[in-house]
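Novice: You'll find my_file05.cif just under this line, and it carries mmCIF, N, CA and C atoms.
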```cif
data_final
#
loop_
_atom_site.label_atom_id
_atom_site.label_comp_id
_atom_site.auth_asym_id
_atom_site.auth_seq_id
_atom_site.Cartn_x
_atom_site.Cartn_y
_atom_site.Cartn_z
N MET A 1 0.73 -27.43 -19.06
CA MET A 1 1.41 -26.16 -19.01
C MET A 1 2.87 -26.42 -18.68
N GLY A 2 3.77 -26.02 -19.55
CA GLY A 2 5.19 -26.30 -19.40
C GLY A 2 5.95 -25.34 -18.51
N ARG A 3 5.40 -24.18 -18.20
CA ARG A 3 6.07 -23.18 -17.36
C ARG A 3 5.21 -22.81 -16.18
N SER A 4 5.87 -22.25 -15.18
CA SER A 4 5.14 -21.71 -14.03
C SER A 4 5.08 -20.20 -14.16
N TYR A 5 3.92 -19.64 -13.92
CA TYR A 5 3.72 -18.19 -13.97
C TYR A 5 3.28 -17.72 -12.60
N ILE A 6 4.08 -16.84 -12.02
CA ILE A 6 3.80 -16.39 -10.66
C ILE A 6 3.79 -14.87 -10.64
N ASN A 7 2.72 -14.30 -10.09
CA ASN A 7 2.58 -12.86 -9.99
C ASN A 7 1.96 -12.56 -8.62
N VAL A 8 2.80 -12.38 -7.61
CA VAL A 8 2.32 -12.15 -6.26
C VAL A 8 2.90 -10.83 -5.75
N TYR A 9 2.02 -9.83 -5.59
CA TYR A 9 2.42 -8.55 -5.05
C TYR A 9 2.07 -8.52 -3.56
N ILE A 10 2.98 -7.97 -2.78
CA ILE A 10 2.71 -7.85 -1.34
C ILE A 10 3.08 -6.46 -0.85
N HIS A 11 2.30 -5.99 0.10
CA HIS A 11 2.54 -4.71 0.77
C HIS A 11 3.03 -5.07 2.17
N ILE A 12 4.29 -4.74 2.45
CA ILE A 12 4.92 -5.05 3.74
C ILE A 12 5.00 -3.77 4.56
N ILE A 13 4.66 -3.88 5.83
CA ILE A 13 4.78 -2.75 6.75
C ILE A 13 5.53 -3.23 7.98
N PHE A 14 6.60 -2.52 8.35
CA PHE A 14 7.28 -2.83 9.60
C PHE A 14 7.73 -1.54 10.27
N HIS A 15 7.89 -1.61 11.58
CA HIS A 15 8.05 -0.44 12.43
C HIS A 15 9.34 -0.54 13.23
N THR A 16 9.92 0.62 13.55
CA THR A 16 11.08 0.62 14.43
C THR A 16 10.64 0.14 15.81
N LYS A 17 11.59 -0.34 16.58
CA LYS A 17 11.28 -0.84 17.91
C LYS A 17 10.65 0.29 18.74
N CYS A 18 9.60 -0.04 19.47
CA CYS A 18 8.91 0.96 20.29
C CYS A 18 9.90 1.65 21.22
N TYR A 19 9.82 2.94 21.26
CA TYR A 19 10.67 3.77 22.11
C TYR A 19 12.15 3.61 21.78
N GLY A 20 12.45 3.11 20.62
CA GLY A 20 13.83 2.95 20.20
C GLY A 20 14.26 4.08 19.29
N THR A 21 15.38 3.89 18.65
CA THR A 21 15.93 4.87 17.74
C THR A 21 15.10 4.93 16.47
N MET A 22 14.70 6.12 16.06
CA MET A 22 13.98 6.30 14.81
C MET A 22 14.99 6.70 13.73
N MET A 23 14.60 6.50 12.48
CA MET A 23 15.44 6.90 11.37
C MET A 23 15.33 8.41 11.19
N LYS A 24 16.41 9.01 10.72
CA LYS A 24 16.40 10.45 10.47
C LYS A 24 15.79 10.70 9.10
N GLU A 25 15.00 11.75 9.02
CA GLU A 25 14.33 12.12 7.77
C GLU A 25 15.32 12.20 6.61
N GLU A 26 16.48 12.78 6.84
CA GLU A 26 17.45 12.95 5.76
C GLU A 26 18.08 11.63 5.31
N ASP A 27 17.98 10.59 6.14
CA ASP A 27 18.54 9.28 5.78
C ASP A 27 17.53 8.39 5.06
N LEU A 28 16.25 8.76 5.09
CA LEU A 28 15.22 7.89 4.52
C LEU A 28 15.44 7.55 3.05
N PRO A 29 15.76 8.50 2.17
CA PRO A 29 15.94 8.13 0.76
C PRO A 29 16.98 7.03 0.54
N GLN A 30 18.12 7.11 1.24
CA GLN A 30 19.13 6.06 1.05
C GLN A 30 18.70 4.74 1.70
N ILE A 31 17.94 4.81 2.77
CA ILE A 31 17.42 3.58 3.39
C ILE A 31 16.43 2.92 2.44
N PHE A 32 15.57 3.70 1.82
CA PHE A 32 14.61 3.16 0.86
C PHE A 32 15.34 2.49 -0.30
N ARG A 33 16.39 3.15 -0.82
CA ARG A 33 17.17 2.56 -1.92
C ARG A 33 17.85 1.27 -1.48
N TYR A 34 18.36 1.25 -0.26
CA TYR A 34 19.03 0.05 0.24
C TYR A 34 18.04 -1.12 0.32
N ILE A 35 16.85 -0.86 0.82
CA ILE A 35 15.83 -1.91 0.89
C ILE A 35 15.50 -2.41 -0.52
N GLY A 36 15.37 -1.50 -1.47
CA GLY A 36 15.14 -1.89 -2.86
C GLY A 36 16.25 -2.79 -3.38
N GLY A 37 17.49 -2.48 -3.03
CA GLY A 37 18.63 -3.30 -3.44
C GLY A 37 18.60 -4.69 -2.85
N ILE A 38 18.20 -4.80 -1.60
CA ILE A 38 18.08 -6.12 -0.96
C ILE A 38 17.03 -6.94 -1.70
N ILE A 39 15.90 -6.32 -1.99
CA ILE A 39 14.82 -7.03 -2.67
C ILE A 39 15.28 -7.51 -4.05
N ARG A 40 15.97 -6.66 -4.79
CA ARG A 40 16.49 -7.07 -6.11
C ARG A 40 17.49 -8.22 -5.97
N ALA A 41 18.34 -8.16 -4.93
CA ALA A 41 19.31 -9.24 -4.71
C ALA A 41 18.62 -10.56 -4.39
N LEU A 42 17.39 -10.48 -3.86
CA LEU A 42 16.61 -11.68 -3.55
C LEU A 42 15.72 -12.10 -4.73
N SER A 43 15.90 -11.46 -5.88
CA SER A 43 15.14 -11.73 -7.11
C SER A 43 13.71 -11.22 -7.07
N GLY A 44 13.46 -10.22 -6.24
CA GLY A 44 12.16 -9.58 -6.20
C GLY A 44 12.23 -8.26 -6.96
N CYS A 45 11.12 -7.58 -7.02
CA CYS A 45 11.06 -6.27 -7.65
C CYS A 45 10.41 -5.31 -6.65
N ALA A 46 11.16 -4.29 -6.25
CA ALA A 46 10.63 -3.30 -5.33
C ALA A 46 9.92 -2.22 -6.15
N TYR A 47 8.61 -2.24 -6.16
CA TYR A 47 7.84 -1.26 -6.92
C TYR A 47 7.81 0.08 -6.22
N MET A 48 7.78 0.05 -4.89
CA MET A 48 7.82 1.30 -4.13
C MET A 48 8.27 0.97 -2.71
N VAL A 49 9.20 1.78 -2.22
CA VAL A 49 9.63 1.71 -0.83
C VAL A 49 9.50 3.12 -0.29
N GLY A 50 8.85 3.26 0.85
CA GLY A 50 8.66 4.57 1.44
C GLY A 50 8.33 4.45 2.90
N GLY A 51 7.99 5.55 3.49
CA GLY A 51 7.63 5.52 4.90
C GLY A 51 7.99 6.80 5.60
N CYS A 52 8.14 6.69 6.90
CA CYS A 52 8.42 7.81 7.79
C CYS A 52 9.55 7.38 8.73
N PRO A 53 10.04 8.28 9.58
CA PRO A 53 11.15 7.91 10.46
C PRO A 53 10.89 6.73 11.38
N ASP A 54 9.62 6.37 11.59
CA ASP A 54 9.35 5.27 12.51
C ASP A 54 8.80 4.00 11.85
N HIS A 55 8.60 4.02 10.53
CA HIS A 55 8.10 2.80 9.89
C HIS A 55 8.33 2.83 8.38
N ILE A 56 8.27 1.64 7.79
CA ILE A 56 8.54 1.45 6.37
C ILE A 56 7.36 0.75 5.72
N HIS A 57 7.06 1.15 4.48
CA HIS A 57 6.10 0.45 3.62
C HIS A 57 6.85 -0.01 2.38
N VAL A 58 6.58 -1.23 1.94
CA VAL A 58 7.21 -1.75 0.73
C VAL A 58 6.14 -2.43 -0.12
N LEU A 59 6.08 -2.06 -1.39
CA LEU A 59 5.28 -2.83 -2.35
C LEU A 59 6.28 -3.58 -3.21
N THR A 60 6.20 -4.87 -3.18
CA THR A 60 7.17 -5.71 -3.87
C THR A 60 6.50 -6.95 -4.43
N SER A 61 7.20 -7.58 -5.34
CA SER A 61 6.77 -8.91 -5.76
C SER A 61 7.47 -9.91 -4.84
N LEU A 62 6.83 -10.99 -4.58
CA LEU A 62 7.44 -12.05 -3.78
C LEU A 62 8.17 -12.98 -4.74
N PRO A 63 9.49 -13.11 -4.59
CA PRO A 63 10.23 -14.01 -5.49
C PRO A 63 9.66 -15.43 -5.41
N HIS A 64 9.58 -16.10 -6.55
CA HIS A 64 8.89 -17.40 -6.60
C HIS A 64 9.55 -18.46 -5.73
N ALA A 65 10.82 -18.36 -5.45
CA ALA A 65 11.49 -19.39 -4.65
C ALA A 65 11.60 -19.01 -3.18
N SER A 66 10.95 -17.92 -2.77
CA SER A 66 11.09 -17.42 -1.39
C SER A 66 9.90 -17.78 -0.52
N ARG A 67 10.21 -18.08 0.73
CA ARG A 67 9.16 -18.16 1.74
C ARG A 67 8.96 -16.75 2.27
N LEU A 68 7.74 -16.36 2.44
CA LEU A 68 7.42 -15.00 2.85
C LEU A 68 8.16 -14.59 4.12
N SER A 69 8.13 -15.43 5.15
CA SER A 69 8.78 -15.07 6.41
C SER A 69 10.28 -14.90 6.24
N ASP A 70 10.91 -15.73 5.42
CA ASP A 70 12.35 -15.59 5.17
C ASP A 70 12.64 -14.31 4.40
N PHE A 71 11.82 -14.00 3.43
CA PHE A 71 11.98 -12.79 2.62
C PHE A 71 11.96 -11.55 3.51
N VAL A 72 10.96 -11.44 4.37
CA VAL A 72 10.84 -10.28 5.26
C VAL A 72 11.98 -10.26 6.27
N ARG A 73 12.32 -11.42 6.81
CA ARG A 73 13.41 -11.50 7.80
C ARG A 73 14.72 -10.99 7.22
N VAL A 74 15.04 -11.40 5.99
CA VAL A 74 16.28 -10.96 5.35
C VAL A 74 16.27 -9.44 5.12
N ILE A 75 15.15 -8.91 4.67
CA ILE A 75 15.05 -7.46 4.46
C ILE A 75 15.29 -6.72 5.78
N LYS A 76 14.58 -7.13 6.82
CA LYS A 76 14.69 -6.44 8.10
C LYS A 76 16.08 -6.61 8.73
N ALA A 77 16.62 -7.81 8.72
CA ALA A 77 17.93 -8.05 9.35
C ALA A 77 19.04 -7.29 8.63
N ASN A 78 19.06 -7.36 7.31
CA ASN A 78 20.12 -6.68 6.57
C ASN A 78 20.00 -5.16 6.67
N THR A 79 18.78 -4.65 6.66
CA THR A 79 18.61 -3.20 6.76
C THR A 79 19.01 -2.72 8.14
N SER A 80 18.61 -3.44 9.16
CA SER A 80 18.95 -3.05 10.53
C SER A 80 20.47 -2.98 10.70
N LYS A 81 21.15 -4.00 10.24
CA LYS A 81 22.62 -4.03 10.35
C LYS A 81 23.23 -2.86 9.58
N TRP A 82 22.74 -2.60 8.38
CA TRP A 82 23.28 -1.52 7.55
C TRP A 82 23.00 -0.15 8.17
N ILE A 83 21.78 0.06 8.69
CA ILE A 83 21.43 1.35 9.31
C ILE A 83 22.36 1.62 10.49
N LYS A 84 22.66 0.60 11.28
CA LYS A 84 23.57 0.78 12.42
C LYS A 84 24.95 1.25 11.97
N SER A 85 25.34 0.91 10.75
CA SER A 85 26.66 1.31 10.25
C SER A 85 26.68 2.73 9.69
N LEU A 86 25.51 3.36 9.52
CA LEU A 86 25.47 4.70 8.93
C LEU A 86 26.18 5.73 9.79
N HIS A 87 25.86 5.76 11.08
CA HIS A 87 26.56 6.63 12.03
C HIS A 87 26.18 6.26 13.45
N GLN A 88 26.92 6.84 14.36
CA GLN A 88 26.83 6.52 15.79
C GLN A 88 25.41 6.65 16.34
N ASP A 89 24.62 7.58 15.82
CA ASP A 89 23.27 7.79 16.33
C ASP A 89 22.39 6.55 16.20
N TYR A 90 22.77 5.64 15.30
CA TYR A 90 21.96 4.45 15.05
C TYR A 90 22.47 3.19 15.74
N LYS A 91 23.40 3.32 16.67
CA LYS A 91 24.00 2.12 17.26
C LYS A 91 22.97 1.22 17.98
N GLU A 92 21.87 1.80 18.45
CA GLU A 92 20.82 1.03 19.14
C GLU A 92 19.62 0.75 18.25
N PHE A 93 19.73 1.01 16.95
CA PHE A 93 18.60 0.87 16.04
C PHE A 93 18.17 -0.60 15.91
N SER A 94 16.84 -0.81 15.86
CA SER A 94 16.31 -2.14 15.55
C SER A 94 14.85 -2.01 15.13
N TRP A 95 14.39 -3.03 14.43
CA TRP A 95 12.99 -3.12 14.03
C TRP A 95 12.21 -3.89 15.08
N GLN A 96 10.92 -3.62 15.17
CA GLN A 96 10.05 -4.46 16.00
C GLN A 96 10.09 -5.87 15.43
N GLU A 97 9.78 -6.82 16.27
CA GLU A 97 9.82 -8.22 15.86
C GLU A 97 8.80 -8.54 14.77
N GLY A 98 7.61 -8.04 14.89
CA GLY A 98 6.54 -8.37 13.95
C GLY A 98 6.52 -7.49 12.72
N TYR A 99 5.53 -7.75 11.88
CA TYR A 99 5.34 -6.99 10.64
C TYR A 99 3.96 -7.31 10.10
N GLY A 100 3.55 -6.55 9.12
CA GLY A 100 2.30 -6.85 8.41
C GLY A 100 2.62 -7.08 6.95
N VAL A 101 1.98 -8.07 6.37
CA VAL A 101 2.09 -8.32 4.93
C VAL A 101 0.69 -8.52 4.39
N PHE A 102 0.36 -7.75 3.36
CA PHE A 102 -0.98 -7.78 2.81
C PHE A 102 -0.88 -7.99 1.30
N SER A 103 -1.73 -8.84 0.77
CA SER A 103 -1.71 -9.11 -0.67
C SER A 103 -2.28 -7.92 -1.43
N VAL A 104 -1.76 -7.72 -2.64
CA VAL A 104 -2.18 -6.62 -3.50
C VAL A 104 -2.46 -7.20 -4.88
N SER A 105 -3.60 -6.86 -5.44
CA SER A 105 -3.94 -7.33 -6.78
C SER A 105 -3.26 -6.47 -7.84
N GLU A 106 -3.13 -7.00 -9.02
CA GLU A 106 -2.56 -6.25 -10.15
C GLU A 106 -3.34 -4.95 -10.36
N SER A 107 -4.66 -5.02 -10.24
CA SER A 107 -5.48 -3.84 -10.48
C SER A 107 -5.35 -2.78 -9.39
N ASN A 108 -4.81 -3.14 -8.22
CA ASN A 108 -4.68 -2.21 -7.11
C ASN A 108 -3.24 -1.74 -6.90
N LYS A 109 -2.32 -2.26 -7.71
CA LYS A 109 -0.90 -1.96 -7.53
C LYS A 109 -0.61 -0.46 -7.57
N GLU A 110 -1.13 0.25 -8.54
CA GLU A 110 -0.86 1.69 -8.67
C GLU A 110 -1.38 2.49 -7.50
N SER A 111 -2.54 2.12 -6.96
CA SER A 111 -3.08 2.87 -5.82
C SER A 111 -2.22 2.64 -4.57
N VAL A 112 -1.64 1.46 -4.41
CA VAL A 112 -0.75 1.19 -3.28
C VAL A 112 0.54 2.00 -3.44
N ILE A 113 1.06 2.08 -4.65
CA ILE A 113 2.25 2.91 -4.91
C ILE A 113 1.97 4.35 -4.51
N LYS A 114 0.84 4.88 -4.91
CA LYS A 114 0.48 6.26 -4.57
C LYS A 114 0.32 6.43 -3.06
N TYR A 115 -0.27 5.43 -2.42
CA TYR A 115 -0.44 5.47 -0.97
C TYR A 115 0.92 5.56 -0.28
N ILE A 116 1.86 4.74 -0.70
CA ILE A 116 3.19 4.75 -0.08
C ILE A 116 3.90 6.07 -0.36
N GLU A 117 3.75 6.60 -1.56
CA GLU A 117 4.38 7.88 -1.90
C GLU A 117 3.90 9.02 -1.00
N LYS A 118 2.69 8.92 -0.50
CA LYS A 118 2.09 10.01 0.27
C LYS A 118 2.08 9.74 1.79
N GLN A 119 3.03 8.99 2.27
CA GLN A 119 3.06 8.66 3.69
C GLN A 119 3.09 9.89 4.60
N LYS A 120 3.90 10.87 4.27
CA LYS A 120 3.99 12.07 5.13
C LYS A 120 2.63 12.75 5.24
N GLU A 121 1.91 12.82 4.14
CA GLU A 121 0.58 13.44 4.16
C GLU A 121 -0.39 12.64 5.01
N HIS A 122 -0.37 11.30 4.87
CA HIS A 122 -1.29 10.45 5.64
C HIS A 122 -1.09 10.65 7.13
N HIS A 123 0.18 10.80 7.54
CA HIS A 123 0.46 10.84 8.97
C HIS A 123 0.31 12.23 9.58
N LYS A 124 -0.14 13.17 8.80
CA LYS A 124 -0.56 14.45 9.36
C LYS A 124 -1.90 14.27 10.06
N TYR A 125 -2.68 13.28 9.61
CA TYR A 125 -4.05 13.08 10.08
C TYR A 125 -4.28 11.76 10.80
N ARG A 126 -3.38 10.82 10.64
CA ARG A 126 -3.57 9.48 11.20
C ARG A 126 -2.24 8.98 11.75
N SER A 127 -2.26 8.50 12.99
CA SER A 127 -1.03 7.97 13.60
C SER A 127 -0.65 6.65 12.92
N VAL A 128 0.57 6.24 13.16
CA VAL A 128 1.04 4.96 12.62
C VAL A 128 0.18 3.83 13.18
N ARG A 129 -0.14 3.92 14.45
CA ARG A 129 -0.98 2.89 15.09
C ARG A 129 -2.35 2.84 14.42
N GLU A 130 -2.96 4.00 14.19
CA GLU A 130 -4.27 4.05 13.52
C GLU A 130 -4.18 3.48 12.10
N GLU A 131 -3.10 3.82 11.42
CA GLU A 131 -2.91 3.31 10.05
C GLU A 131 -2.81 1.79 10.06
N PHE A 132 -1.98 1.24 10.94
CA PHE A 132 -1.79 -0.21 10.97
C PHE A 132 -3.07 -0.92 11.41
N THR A 133 -3.76 -0.35 12.39
CA THR A 133 -5.04 -0.90 12.83
C THR A 133 -6.03 -0.95 11.67
N HIS A 134 -6.04 0.10 10.86
CA HIS A 134 -6.92 0.14 9.68
C HIS A 134 -6.58 -1.01 8.72
N PHE A 135 -5.29 -1.24 8.47
CA PHE A 135 -4.88 -2.34 7.59
C PHE A 135 -5.32 -3.68 8.15
N LEU A 136 -5.16 -3.85 9.45
CA LEU A 136 -5.56 -5.12 10.07
C LEU A 136 -7.06 -5.33 9.93
N GLU A 137 -7.84 -4.33 10.26
CA GLU A 137 -9.30 -4.44 10.16
C GLU A 137 -9.74 -4.72 8.73
N LYS A 138 -9.15 -3.99 7.78
CA LYS A 138 -9.49 -4.15 6.36
C LYS A 138 -9.19 -5.56 5.85
N ASN A 139 -8.22 -6.21 6.49
CA ASN A 139 -7.82 -7.55 6.06
C ASN A 139 -8.32 -8.65 6.99
N GLY A 140 -9.28 -8.32 7.85
CA GLY A 140 -9.96 -9.33 8.66
C GLY A 140 -9.22 -9.79 9.91
N PHE A 141 -8.24 -9.03 10.39
CA PHE A 141 -7.50 -9.39 11.60
C PHE A 141 -8.08 -8.70 12.81
N SER A 142 -7.91 -9.32 13.96
CA SER A 142 -8.30 -8.70 15.22
C SER A 142 -7.28 -7.61 15.55
N THR A 143 -7.76 -6.53 16.12
CA THR A 143 -6.87 -5.45 16.51
C THR A 143 -6.67 -5.40 18.02
N ASP A 144 -7.04 -6.47 18.70
CA ASP A 144 -6.95 -6.52 20.16
C ASP A 144 -5.53 -6.39 20.69
N TYR A 145 -4.54 -6.79 19.91
CA TYR A 145 -3.17 -6.84 20.40
C TYR A 145 -2.26 -5.79 19.78
N VAL A 146 -2.81 -4.81 19.11
CA VAL A 146 -1.99 -3.75 18.52
C VAL A 146 -1.54 -2.85 19.67
N PRO A 147 -0.21 -2.69 19.82
CA PRO A 147 0.29 -1.87 20.95
C PRO A 147 -0.07 -0.40 20.81
#
```
Take the structure in this file and express it as structure tokens.
Specialist:
Amino acid sequence: MGRSYINVYIHIIFHTKCYGTMMKEEDLPQIFRYIGGIIRALSGCAYMVGGCPDHIHVLTSLPHASRLSDFVRVIKANTSKWIKSLHQDYKEFSWQEGYGVFSVSESNKESVIKYIEKQKEHHKYRSVREEFTHFLEKNGFSTDYVP
């Protein structure tokens, strides 16, 4: 085989720092676009970026030359710095240190996009903690240390 073919979709979830500054609802669309721009600059494809004032969901392809931890670190670091520049209310803004990354199959990509699109609806019935705990359990992780 003369070429490499790589198709890796990942669902990334990260949260604002506990008890820290949350994003304003009216700023979310531009924050989502900014995250998409970072991903494109890293040679990825942002299929869907969404979330709520306290957390972000991203469905993206992992660029073939990227290490997963570096990819997420660049997204979080650049977004945090940019959000702080939006206005004075965000001067203390930061993301939690950790994150979740879950693999997504080609056949499940559309359902993840729909899930991210409906974040506001999901969180009428389930807290962010409950949502993240569900993802951990579904993917075989212990939930003993979820704050």
Novice: Got a sec to resolve the PyMOL selection byres ((chain A and resi 78-95) around 7) on this structure and send the residues as a PyMOL selection string?
Specialist: chain A and resi 14-18+20-22+34-35+73-77+96-98
Novice: How many Å separate CA of Arg33 in chain A from CA of Tyr47 in chain A?
Specialist: 11.3 Å
Novice: Could you work out how far CA of His64 in chain A lies from CA of Asn7 in chain A, giving the answer in Å with one decimal?
Specialist: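 So the answer is 8.5 Å.
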Novice: Counting only N, CA and C atoms, which of A:Leu28, A:Leu68, A:His57, A:Pro63 gets nearest to Gly44 in chain A?
Specialist: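 Under the stated criterion, the closest residue is A:Pro63.
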Novice: Between CA of Lys118 in chain A and CA of Ala41 in chain A, what distance in Å does the model show, to one decimal?
Specialist: 26.3 Å
Novice: List every residue of chain A that DSSP, applied to the backbone of this structure, assigns to alpha helix (DSSP H), and report them as a VMD selection string.
Specialist: chain A and resid 28 to 41 68 to 86 109 to 117 119 to 122 128 to 138
Novice: Taking only C-alpha atoms into account, name the residue in A:Val72, A:Ile56, A:Met48, A:Ile13 that is nearest to Ser111 in chain A.
Specialist: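 Of A:Val72, A:Ile56, A:Met48, A:Ile13, the one nearest Ser111 in chain A, counting only C-alpha atoms, is A:Met48.
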Novice: Can you list every residue in chain A that DSSP puts in strand (DSSP E or B), as a list of chain:residue names?
Specialist: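 Strand (DSSP E or B) assignments inside chain A correspond to A:Tyr9, A:Ile10, A:His11, A:Ile12, A:Ile13, A:Phe14, A:His15, A:Thr16, A:Ala46, A:Tyr47, A:Met48, A:Val49, A:Gly50, A:Gly51, A:Cys52, A:His55, A:Ile56, A:His57, A:Val58, A:Leu59, A:Thr60, A:Ser61, A:Trp95, A:Gly100, A:Val101, A:Phe102, A:Ser103, A:Val104.
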